[in-house]
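S.K.: Got my_file-v4.cif for you, mmCIF, C-alpha atoms:
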data_work
loop_
_atom_site.label_atom_id
_atom_site.label_comp_id
_atom_site.auth_asym_id
_atom_site.auth_seq_id
_atom_site.Cartn_x
_atom_site.Cartn_y
_atom_site.Cartn_z
CA MET A 152 -54.85 37.84 64.91
CA SER A 153 -52.63 37.67 61.83
CA ALA A 154 -52.36 40.46 59.31
CA PRO A 155 -53.91 39.78 55.91
CA ALA A 156 -51.51 39.01 53.08
CA ILE A 157 -50.60 42.01 50.97
CA GLN A 158 -51.97 41.75 47.47
CA THR A 159 -50.42 43.65 44.60
CA LYS A 160 -51.77 44.51 41.17
CA HIS A 161 -50.11 42.81 38.20
CA TRP A 162 -49.75 45.44 35.46
CA THR A 163 -49.68 44.71 31.74
CA ARG A 164 -47.66 46.80 29.33
CA GLN A 165 -50.90 48.22 27.89
CA GLU A 166 -52.09 49.32 31.33
CA TYR A 167 -48.67 50.76 32.10
CA ASP A 168 -48.67 52.75 28.85
CA ARG A 169 -52.18 54.05 29.59
CA LEU A 170 -50.97 55.27 33.00
CA ALA A 171 -48.18 57.17 31.27
CA ASP A 172 -50.48 58.53 28.54
CA ALA A 173 -52.91 59.78 31.20
CA GLY A 174 -50.08 61.58 33.02
CA ILE A 175 -50.40 59.41 36.12
CA LEU A 176 -46.84 58.23 35.57
CA SER A 177 -44.61 61.10 34.53
CA PRO A 178 -41.06 60.82 33.09
CA GLU A 179 -39.72 62.48 36.25
CA GLU A 180 -40.83 59.47 38.28
CA ARG A 181 -38.22 57.22 36.61
CA VAL A 182 -40.04 53.90 36.72
CA GLU A 183 -40.10 50.84 34.49
CA LEU A 184 -42.38 47.82 34.12
CA LEU A 185 -40.66 44.54 35.01
CA GLY A 186 -42.63 41.31 35.14
CA GLY A 187 -45.90 43.12 35.81
CA GLU A 188 -44.48 45.29 38.59
CA ILE A 189 -43.88 49.02 38.34
CA VAL A 190 -40.36 49.38 39.72
CA THR A 191 -38.59 52.61 40.62
CA MET A 192 -35.24 53.25 39.02
CA THR A 193 -32.45 54.33 41.36
CA PRO A 194 -30.81 57.74 41.02
CA GLN A 195 -27.58 57.82 39.05
CA HIS A 196 -24.28 58.73 40.62
CA GLY A 197 -21.21 60.01 38.80
CA PRO A 198 -19.60 56.63 38.05
CA HIS A 199 -22.90 55.27 36.67
CA SER A 200 -23.37 58.25 34.36
CA ALA A 201 -19.75 58.13 33.24
CA ALA A 202 -20.04 54.41 32.46
CA ILE A 203 -23.12 55.08 30.30
CA GLY A 204 -21.11 57.63 28.33
CA LEU A 205 -18.14 55.27 27.97
CA ALA A 206 -20.32 52.35 26.87
CA ASP A 207 -22.20 54.59 24.42
CA ALA A 208 -18.94 55.70 22.79
CA ALA A 209 -17.59 52.14 22.58
CA LEU A 210 -20.83 50.70 21.16
CA ARG A 211 -21.24 53.49 18.58
CA LYS A 212 -17.74 52.76 17.34
CA ALA A 213 -18.34 48.99 17.37
CA PHE A 214 -21.75 48.91 15.68
CA GLY A 215 -21.51 51.95 13.40
CA PRO A 216 -24.27 53.97 11.77
CA ALA A 217 -26.44 50.97 10.85
CA HIS A 218 -27.47 50.68 14.52
CA TRP A 219 -29.04 53.03 17.05
CA ILE A 220 -27.58 53.00 20.55
CA ARG A 221 -30.62 53.80 22.71
CA ILE A 222 -29.87 55.24 26.13
CA GLN A 223 -32.41 54.58 28.88
CA LEU A 224 -35.33 54.17 26.49
CA PRO A 225 -38.06 51.52 26.64
CA LEU A 226 -37.94 48.12 24.99
CA ILE A 227 -41.15 46.20 24.44
CA VAL A 228 -40.08 42.69 25.44
CA ASP A 229 -43.30 40.98 26.52
CA PRO A 230 -46.87 41.79 27.58
CA ASP A 231 -45.77 42.39 31.20
CA SER A 232 -42.41 44.12 30.79
CA GLU A 233 -41.16 47.36 29.32
CA PRO A 234 -37.68 47.79 30.77
CA GLU A 235 -35.55 50.85 30.13
CA PRO A 236 -32.03 49.43 29.92
CA ASP A 237 -29.11 51.79 30.26
CA LEU A 238 -28.15 50.99 26.66
CA ALA A 239 -29.74 48.91 23.93
CA VAL A 240 -28.28 48.35 20.49
CA VAL A 241 -31.05 48.10 17.90
CA PRO A 242 -30.79 47.88 14.11
CA GLY A 243 -31.67 50.95 12.08
CA SER A 244 -32.19 54.55 13.10
CA PRO A 245 -34.57 56.49 15.34
CA ARG A 246 -36.97 56.98 12.39
CA ASP A 247 -37.49 53.22 12.26
CA TYR A 248 -39.12 53.35 15.70
CA VAL A 249 -41.50 56.29 15.44
CA ALA A 250 -44.62 54.08 15.62
CA GLU A 251 -43.47 52.03 18.63
CA HIS A 252 -40.45 51.13 20.71
CA PRO A 253 -38.23 48.26 19.53
CA ARG A 254 -39.29 44.75 20.48
CA THR A 255 -35.77 43.35 20.60
CA ALA A 256 -32.13 44.39 20.58
CA ARG A 257 -28.85 42.97 19.38
CA LEU A 258 -27.30 43.75 22.76
CA VAL A 259 -28.62 45.17 26.03
CA VAL A 260 -26.26 46.75 28.57
CA GLU A 261 -27.03 47.63 32.17
CA ILE A 262 -24.62 49.66 34.30
CA ALA A 263 -24.77 48.26 37.82
CA ASP A 264 -23.70 49.49 41.19
CA SER A 265 -26.61 49.53 43.66
CA THR A 266 -28.78 47.61 41.12
CA LEU A 267 -26.35 44.74 40.58
CA GLU A 268 -28.49 42.03 42.17
CA ARG A 269 -31.65 43.23 40.39
CA ASP A 270 -29.84 43.30 37.03
CA ARG A 271 -28.53 39.76 37.56
CA THR A 272 -31.55 38.00 38.98
CA TYR A 273 -34.56 40.02 37.87
CA LYS A 274 -33.71 41.67 34.56
CA SER A 275 -31.59 38.86 33.12
CA PRO A 276 -34.52 36.39 32.85
CA ILE A 277 -36.70 39.09 31.29
CA TYR A 278 -34.12 39.76 28.57
CA ALA A 279 -33.52 36.02 28.07
CA ARG A 280 -37.26 35.35 27.75
CA ALA A 281 -37.41 38.11 25.11
CA GLY A 282 -34.71 36.27 23.13
CA ILE A 283 -32.17 39.08 23.37
CA PRO A 284 -29.04 37.21 22.24
CA GLU A 285 -26.58 39.05 24.44
CA TYR A 286 -26.81 40.92 27.75
CA TRP A 287 -23.95 42.76 29.42
CA ILE A 288 -23.69 44.12 32.93
CA VAL A 289 -20.97 46.71 33.45
CA ASN A 290 -20.35 45.75 37.05
CA LEU A 291 -19.03 48.85 38.83
CA VAL A 292 -18.88 47.05 42.20
CA GLU A 293 -16.44 44.33 41.10
CA ARG A 294 -14.99 46.39 38.20
CA CYS A 295 -15.67 43.81 35.52
CA LEU A 296 -18.00 43.11 32.61
CA GLU A 297 -20.52 40.32 33.02
CA ILE A 298 -21.45 38.78 29.67
CA TYR A 299 -24.58 36.67 29.24
CA ARG A 300 -25.31 34.84 25.97
CA ASP A 301 -27.49 32.14 24.47
CA PRO A 302 -30.94 32.66 26.00
CA ILE A 303 -32.76 29.44 26.80
CA GLY A 304 -36.01 28.46 28.40
CA SER A 305 -38.55 25.70 28.25
CA PRO A 306 -42.22 25.59 29.17
CA GLY A 307 -42.63 25.73 32.92
CA GLN A 308 -39.03 26.76 33.46
CA PRO A 309 -37.75 30.32 33.89
CA ALA A 310 -35.76 31.73 31.00
CA ARG A 311 -32.06 32.29 31.53
CA TYR A 312 -28.81 32.69 29.68
CA HIS A 313 -26.94 29.45 29.05
CA LEU A 314 -23.50 31.06 28.87
CA SER A 315 -22.00 33.62 31.23
CA HIS A 316 -18.54 35.04 31.74
CA LYS A 317 -17.00 37.72 33.94
CA ALA A 318 -14.44 39.63 31.91
CA ALA A 319 -11.69 41.40 33.83
CA PRO A 320 -10.64 44.96 32.95
CA THR A 321 -7.60 43.57 31.12
CA GLU A 322 -9.73 41.50 28.71
CA ILE A 323 -10.94 42.30 25.22
CA VAL A 324 -14.50 41.33 24.23
CA SER A 325 -16.41 41.15 20.95
CA PRO A 326 -20.19 41.52 20.72
CA LEU A 327 -21.92 38.56 19.07
CA SER A 328 -23.45 40.77 16.38
CA VAL A 329 -20.09 42.23 15.35
CA PRO A 330 -17.55 39.50 16.17
CA HIS A 331 -14.79 41.22 14.19
CA VAL A 332 -14.86 44.21 16.57
CA SER A 333 -12.86 44.33 19.79
CA ILE A 334 -13.81 46.33 22.88
CA ALA A 335 -11.45 46.64 25.84
CA VAL A 336 -13.35 46.07 29.09
CA THR A 337 -11.34 48.89 30.65
CA ASP A 338 -12.89 51.26 28.09
CA LEU A 339 -16.31 50.57 29.67
CA LEU A 340 -15.23 51.24 33.26
CA PRO A 341 -14.93 54.78 34.67
#
As a first step, turn the structure in this file into structure tokens.
M.R.:
Amino acid sequence: MSAPAIQTKHWTRQEYDRLADAGILSPEERVELLGGEIVTMTPQHGPHSAAIGLADAALRKAFGPAHWIRIQLPLIVDPDSEPEPDLAVVPGSPRDYVAEHPRTARLVVEIADSTLERDRTYKSPIYARAGIPEYWIVNLVERCLEIYRDPIGSPGQPARYHLSHKAAPTEIVSPLSVPHVSIAVTDLLP
């Protein structure tokens, strides 16, 4: 006798938000909605937390006061996903997003150690499908910065980034939205 296949519930962003509003999902649970699945977020270790602080400082300097650097806050990217990237650069200030979370970002940054594979293969297509022009992974495992640009996708095909590059700690990078600004990759690594 074979075991029946496990069936899971596909959650929409509206259902996910209702779970949070009802107190069923609390902020202490540290979960996010990715492609209709409620996914637990891994605990942060020292290097991960330090890298968030380093990236925050570098991005604040690069983008200036006309942008809000959101740290681990939700982005509304599609009806089935509400990720909470480690950092997201959005235009404006916190007051611009009182009514709802941003629906896009100029740049999304994930800090990856134990989540590296998930950030590459699972989150990247979600951000590409949302049309986020640039996605960075501060790769703590290989001590580099992975840069993904130019989201593409066609009907029936999964979205992805057309361009990718692994920048070594010795390299200097410029975000697409502020090409005149230089950020040393080493400044993002703890």
S.K.: Using only C-alpha atoms, determine which residues lie at most 9 Å from Thr337 of chain A, disregarding the query and same-chain residues fewer than 4 positions distant; provide the list as number ranges by chain.
M.R.: A: 294-295, 319-323, 341
S.K.: Go through the shown structure with the PyMOL selection byres ((chain A and resi 335) around 12) and write out the matching residues as a PyMOL selection string.
M.R.: chain A and resi 205-206+209-210+213+295-296+318-326+332-334+336-340
S.K.: Would you export the selected residues with C-alpha atoms as a PDB file, keeping the file's coordinate frame, please?
M.R.:
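New file result-v5.pdb:
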ATOM      1  CA  LEU A 205     -18.140  55.270  27.970  1.00  0.00           C
ATOM      2  CA  ALA A 206     -20.320  52.350  26.870  1.00  0.00           C
ATOM      3  CA  ALA A 209     -17.590  52.140  22.580  1.00  0.00           C
ATOM      4  CA  LEU A 210     -20.830  50.700  21.160  1.00  0.00           C
ATOM      5  CA  ALA A 213     -18.340  48.990  17.370  1.00  0.00           C
ATOM      6  CA  CYS A 295     -15.670  43.810  35.520  1.00  0.00           C
ATOM      7  CA  LEU A 296     -18.000  43.110  32.610  1.00  0.00           C
ATOM      8  CA  ALA A 318     -14.440  39.630  31.910  1.00  0.00           C
ATOM      9  CA  ALA A 319     -11.690  41.400  33.830  1.00  0.00           C
ATOM     10  CA  PRO A 320     -10.640  44.960  32.950  1.00  0.00           C
ATOM     11  CA  THR A 321      -7.600  43.570  31.120  1.00  0.00           C
ATOM     12  CA  GLU A 322      -9.730  41.500  28.710  1.00  0.00           C
ATOM     13  CA  ILE A 323     -10.940  42.300  25.220  1.00  0.00           C
ATOM     14  CA  VAL A 324     -14.500  41.330  24.230  1.00  0.00           C
ATOM     15  CA  SER A 325     -16.410  41.150  20.950  1.00  0.00           C
ATOM     16  CA  PRO A 326     -20.190  41.520  20.720  1.00  0.00           C
ATOM     17  CA  VAL A 332     -14.860  44.210  16.570  1.00  0.00           C
ATOM     18  CA  SER A 333     -12.860  44.330  19.790  1.00  0.00           C
ATOM     19  CA  ILE A 334     -13.810  46.330  22.880  1.00  0.00           C
ATOM     20  CA  VAL A 336     -13.350  46.070  29.090  1.00  0.00           C
ATOM     21  CA  THR A 337     -11.340  48.890  30.650  1.00  0.00           C
ATOM     22  CA  ASP A 338     -12.890  51.260  28.090  1.00  0.00           C
ATOM     23  CA  LEU A 339     -16.310  50.570  29.670  1.00  0.00           C
ATOM     24  CA  LEU A 340     -15.230  51.240  33.260  1.00  0.00           C
TER      25      LEU A 340
END
S.K.: Let me know the residues the PyMOL selection byres ((chain A and resi 297-302) around 12) catches in the file above, as a PyMOL selection string.
M.R.: chain A and resi 257-263+267+270-271+274-296+303-305+309-320+322-328+336+339
S.K.: How many Å separate atom CA of Leu238 of chain A from atom CA of Arg221 of chain A?
M.R.: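 Answer for the atom CA of Leu238 of chain A to atom CA of Arg221 of chain A separation: 5.4 Å.
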S.K.: Grab all the atoms of segment 291-306 of chain A that the file lists, wrap them in a box along x, y and z, add 6 Å per side, and give me centre plus edge lengths in Å (one decimal) as JSON.
M.R.:
{"center_x": -28.6, "center_y": 37.2, "center_z": 33.3, "size_x": 39.2, "size_y": 35.3, "size_z": 29.7}
S.K.: Measure the distance from atom CA of Glu268 of chain A to atom CA of Gln158 of chain A in Å and round it to one decimal.
M.R.: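 That distance, rounded to one decimal, is 24.1 Å.
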S.K.: Enumerate, as a VMD selection string, the residues matched when the PyMOL selection byres ((chain A and resi 161-178) around 7) is run on the file above.
M.R.: chain A and resid 159 to 160 179 to 181 187 to 188 230 to 233
S.K.: What's the 12 Å shell around Pro245 of chain A, counting only C-alpha atoms, without same-chain residues fewer than 2 positions away, as a list in words?
M.R.: Pro216, Ala217, His218, Trp219, Ile220, Arg221, Ile222, Leu224, Val240, Val241, Pro242, Gly243, Asp247, Tyr248, Val249, Ala250, Glu251, His252 and Pro253 of chain A
S.K.: Could the residues in this selection be saved with C-alpha atoms as a short mmCIF file (atom, residue, chain, number, x, y, z; two decimals), in the coordinates of the input?
M.R.:
data_model
loop_
_atom_site.label_atom_id
_atom_site.label_comp_id
_atom_site.auth_asym_id
_atom_site.auth_seq_id
_atom_site.Cartn_x
_atom_site.Cartn_y
_atom_site.Cartn_z
CA PRO A 216 -24.27 53.97 11.77
CA ALA A 217 -26.44 50.97 10.85
CA HIS A 218 -27.47 50.68 14.52
CA TRP A 219 -29.04 53.03 17.05
CA ILE A 220 -27.58 53.00 20.55
CA ARG A 221 -30.62 53.80 22.71
CA ILE A 222 -29.87 55.24 26.13
CA LEU A 224 -35.33 54.17 26.49
CA VAL A 240 -28.28 48.35 20.49
CA VAL A 241 -31.05 48.10 17.90
CA PRO A 242 -30.79 47.88 14.11
CA GLY A 243 -31.67 50.95 12.08
CA ASP A 247 -37.49 53.22 12.26
CA TYR A 248 -39.12 53.35 15.70
CA VAL A 249 -41.50 56.29 15.44
CA ALA A 250 -44.62 54.08 15.62
CA GLU A 251 -43.47 52.03 18.63
CA HIS A 252 -40.45 51.13 20.71
CA PRO A 253 -38.23 48.26 19.53
#
S.K.: Rank A:Thr191, A:Lys212, A:Gly197, A:Glu183 by their smallest atom-to-atom distance to Pro236 of chain A, using only C-alpha atoms, and report the top residue only.
M.R.: A:Glu183
S.K.: Just write segment 187-200 of chain A with all heavy atoms, as a compact mmCIF listing (two decimals), in the first residue's frame, taken from the block above.
M.R.:
# COMPACT_ATOMS: atom_id res chain seq x y z
N GLY A 187 3.40 31.41 -2.86
CA GLY A 187 2.25 30.73 -2.29
C GLY A 187 2.57 29.83 -1.11
O GLY A 187 1.68 29.19 -0.56
N GLU A 188 3.83 29.77 -0.71
CA GLU A 188 4.22 28.94 0.43
C GLU A 188 4.67 29.83 1.58
O GLU A 188 5.40 30.81 1.37
CB GLU A 188 5.39 28.02 0.05
CG GLU A 188 5.04 27.02 -1.03
CD GLU A 188 6.23 26.16 -1.44
OE1 GLU A 188 7.34 26.35 -0.89
OE2 GLU A 188 6.05 25.29 -2.30
N ILE A 189 4.24 29.50 2.78
CA ILE A 189 4.70 30.22 3.97
C ILE A 189 5.99 29.55 4.41
O ILE A 189 6.01 28.38 4.78
CB ILE A 189 3.63 30.20 5.08
CG1 ILE A 189 2.36 30.90 4.58
CG2 ILE A 189 4.17 30.87 6.34
CD1 ILE A 189 1.18 30.82 5.52
N VAL A 190 7.08 30.30 4.31
CA VAL A 190 8.43 29.77 4.51
C VAL A 190 9.04 30.39 5.76
O VAL A 190 8.96 31.60 5.95
CB VAL A 190 9.30 30.10 3.28
CG1 VAL A 190 10.72 29.59 3.45
CG2 VAL A 190 8.68 29.53 2.01
N THR A 191 9.65 29.56 6.59
CA THR A 191 10.31 30.09 7.78
C THR A 191 11.64 30.75 7.38
O THR A 191 12.32 30.31 6.46
CB THR A 191 10.58 28.99 8.82
OG1 THR A 191 11.40 27.99 8.24
CG2 THR A 191 9.29 28.38 9.32
N MET A 192 11.95 31.80 8.09
CA MET A 192 13.22 32.49 7.88
C MET A 192 14.21 31.96 8.91
O MET A 192 13.86 31.75 10.06
CB MET A 192 13.01 34.00 8.01
CG MET A 192 12.06 34.54 6.96
SD MET A 192 11.41 36.19 7.27
CE MET A 192 12.86 37.18 7.26
N THR A 193 15.44 31.74 8.48
CA THR A 193 16.43 31.15 9.38
C THR A 193 16.94 32.19 10.38
O THR A 193 16.96 33.39 10.08
CB THR A 193 17.62 30.59 8.58
OG1 THR A 193 18.19 31.64 7.81
CG2 THR A 193 17.19 29.47 7.67
N PRO A 194 17.36 31.73 11.55
CA PRO A 194 17.92 32.66 12.54
C PRO A 194 19.20 33.31 12.00
O PRO A 194 19.91 32.72 11.19
CB PRO A 194 18.25 31.76 13.74
CG PRO A 194 17.49 30.50 13.52
CD PRO A 194 17.29 30.37 12.05
N GLN A 195 19.45 34.51 12.47
CA GLN A 195 20.64 35.24 12.01
C GLN A 195 21.80 35.01 12.95
O GLN A 195 21.65 35.06 14.16
CB GLN A 195 20.33 36.74 11.95
CG GLN A 195 19.30 37.11 10.95
CD GLN A 195 19.02 38.59 10.97
OE1 GLN A 195 19.81 39.38 11.48
NE2 GLN A 195 17.90 38.97 10.41
N HIS A 196 22.95 34.80 12.36
CA HIS A 196 24.18 34.69 13.13
C HIS A 196 24.93 36.02 13.02
O HIS A 196 24.55 36.89 12.24
CB HIS A 196 25.03 33.53 12.60
CG HIS A 196 24.33 32.21 12.70
ND1 HIS A 196 24.03 31.61 13.90
CD2 HIS A 196 23.84 31.39 11.74
CE1 HIS A 196 23.40 30.48 13.67
NE2 HIS A 196 23.26 30.31 12.37
N GLY A 197 26.00 36.15 13.77
CA GLY A 197 26.76 37.39 13.81
C GLY A 197 27.18 37.93 12.45
O GLY A 197 26.95 39.10 12.15
N PRO A 198 27.79 37.10 11.59
CA PRO A 198 28.21 37.62 10.28
C PRO A 198 27.03 38.13 9.44
O PRO A 198 27.15 39.15 8.75
CB PRO A 198 28.89 36.42 9.61
CG PRO A 198 29.35 35.57 10.75
CD PRO A 198 28.30 35.75 11.82
N HIS A 199 25.90 37.46 9.52
CA HIS A 199 24.71 37.88 8.76
C HIS A 199 24.25 39.25 9.25
O HIS A 199 24.01 40.17 8.45
CB HIS A 199 23.61 36.83 8.94
CG HIS A 199 22.42 37.07 8.07
ND1 HIS A 199 21.41 37.93 8.42
CD2 HIS A 199 22.07 36.56 6.87
CE1 HIS A 199 20.48 37.94 7.47
NE2 HIS A 199 20.86 37.11 6.52
N SER A 200 24.13 39.41 10.55
CA SER A 200 23.70 40.69 11.12
C SER A 200 24.69 41.80 10.79
O SER A 200 24.28 42.92 10.45
CB SER A 200 23.53 40.57 12.64
OG SER A 200 22.55 39.62 12.95
